[in-house]
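The structure under discussion appears below in the form of structure tokens.
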Amino acid sequence: MGNMDCSSSGNQSCSGAIELLQGEQKAVRKLFSDYGQAKDVKGKEDVVGALSLALSLYCSLETDIIYPAMKASGSCSAEKEPCQGEENHHQAKLLIDQLQRLTADVDSEKYDAAVKELKAVVEKHFSEEEKTLIPQMEKSGNNFEKMSAHIDNFKAEHKAQLV
Ligand SMILES: [Fe+2]
């Protein structure tokens with residue numbers, strides 16, 4: 001098959017990885033909008049619990065599968081931005097941890113403010129990825145052929161949580 005362009009090849013495993021990532025982004029965005037609709041403490045806690053799960057799934061998809069495959073193929077390097085999401089992921093994780101420690105203050109402005117801050121970090125990160133990581137993934141068709149088995153395993157392992 002050679003080094004085909006992902007966007008024009010119709011390569012199943014290639015679009016699979018991008019679709020999976022975009023599906024996860026969509027799920028996370030939906031949860032932030034659900035948070036705005038949450039009526040009580042239980043509702044807020046449920047959304048934050050689901051957010052924690054969805055974000056950790058999303059981060060492991062990138063950190064464990066996408067970044068290593070792209071680095072291995074030279075699609076990510078020091079000069080190229082697409083694989084540098086770790087810092088944002090770490091920031092998001094710290095905010096999630098903070099939220100999960102505020103269990104006595106779910107009904108407070110402090111809690112809403114922390115969710116708002118988390119949303120801002122995540123939104124900024126997603127929009128960077130739409131400009132850098134996803135276009136680079138589209139160009140890396142050859143690379144994604146090797147990734148397909150990992151993607152299939154990931155889907156099977158996380159079937160219950162995936163949208
Ligand atoms: Fe990311």
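Residues in the structure tokens are numbered from 1 in each chain, the chains being A, B, ... in the order shown, and ligands are numbered from 1 in the order shown.
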Could you report the residues within 8 Å of ligand 1, using only C-alpha atoms and all ligand atoms, as a list in words?
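These are the residues that qualify: Tyr58, Cys59, Glu62, Gly85, Glu86, Asn88, His89, His125, Phe126 and Glu129 of chain A.
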Against stretch 42-49 of chain A, which residues of stretch 110-162 of chain A fall within 10 Å? For each one I want the closest pair of atoms and the distance in Å (one decimal), counting only C-alpha atoms, rows by chain and increasing residue number, as JSON lines.
```
{"residue": "A:Tyr111", "atom": "CA", "partner": "A:Lys44", "partner_atom": "CA", "distance": 9.5}
{"residue": "A:Asp112", "atom": "CA", "partner": "A:Lys44", "partner_atom": "CA", "distance": 9.3}
{"residue": "A:Val115", "atom": "CA", "partner": "A:Val48", "partner_atom": "CA", "distance": 8.2}
```
With DSSP run on the backbone, what are the helix (DSSP H, G or I) residues within chain A? I'd like them as an NGL selection string.
:A and (6-9 or 12-37 or 41-72 or 86-101 or 103-105 or 109-131 or 133-139 or 141-157)
So how many Å separate atom CA of A:Phe154 and atom CA of A:Ala50, to one decimal?
18.3 Å
In Å, rounded to a single decimal, give me how far atom CA of A:Ser60 is from atom CA of A:Glu123.
17.6 Å
Can you tell me which residues surround stretch 95-99 of chain A at a distance of at most 7 Å, considering only C-alpha atoms, apart from same-chain residues fewer than 6 positions away, and format the answer as an MDAnalysis selection string?
chainID A and resid 52 111 114 118
From the list A:Leu20, A:Cys83, A:Leu133, A:Leu31, which residue is nearest A:Tyr67 when using only C-alpha atoms?
A:Cys83
Using only C-alpha atoms, pick whichever of A:Ser75, A:Asp105, A:Gly16, A:Leu53 has the shortest atom-to-atom distance to A:Pro135.
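Of A:Ser75, A:Asp105, A:Gly16, A:Leu53, the one nearest A:Pro135, counting only C-alpha atoms, is A:Ser75.
Note that the spacing between atom CA of A:Ala69 and atom CA of A:Ile151 amounts to 11.1 Å.
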Which one of A:Glu138, A:Glu157, A:Glu109, A:Asp152 sits closest to A:Ile18 if you count only C-alpha atoms?
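Checking each candidate against A:Ile18, we get A:Glu138 as the closest.
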Closest to A:Asp107 among A:Phe32, A:Asp40, A:Pro68, A:Gly74, using only C-alpha atoms?
A:Asp40
Just the residues within 9 Å of A:Gln136, please, counting only C-alpha atoms, with nothing from its chain fewer than 6 positions along; format it as an MDAnalysis selection string.
chainID A and resid 70 75:76 82
Quick one: residues within 12 Å of A:Leu57, only C-alpha atoms counted, chain neighbours fewer than 4 positions away excluded, as a list in words?
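The residues that qualify are Leu20, Leu21, Gly23, Glu24, Gln25, Ala27, Val28, Ala50, Leu51, Ser52, Leu53, Leu61, Glu62, Thr63, Asp64, Ile65, His89, Lys93, Phe154, Lys155, Glu157, His158, Lys159, Ala160, Gln161, Leu162 and Val163 of chain A.
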Name the closest residue to A:Val121 among the candidates A:His90, A:Arg101, A:Lys39, A:His150; distances are taken between atoms, counting only C-alpha atoms.
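Nearest to A:Val121: A:His90.
Using only C-alpha atoms, the nearest neighbour of A:Ala72 within the list A:Met147, A:Ala92, A:Ala38, A:Ala113 is A:Met147.
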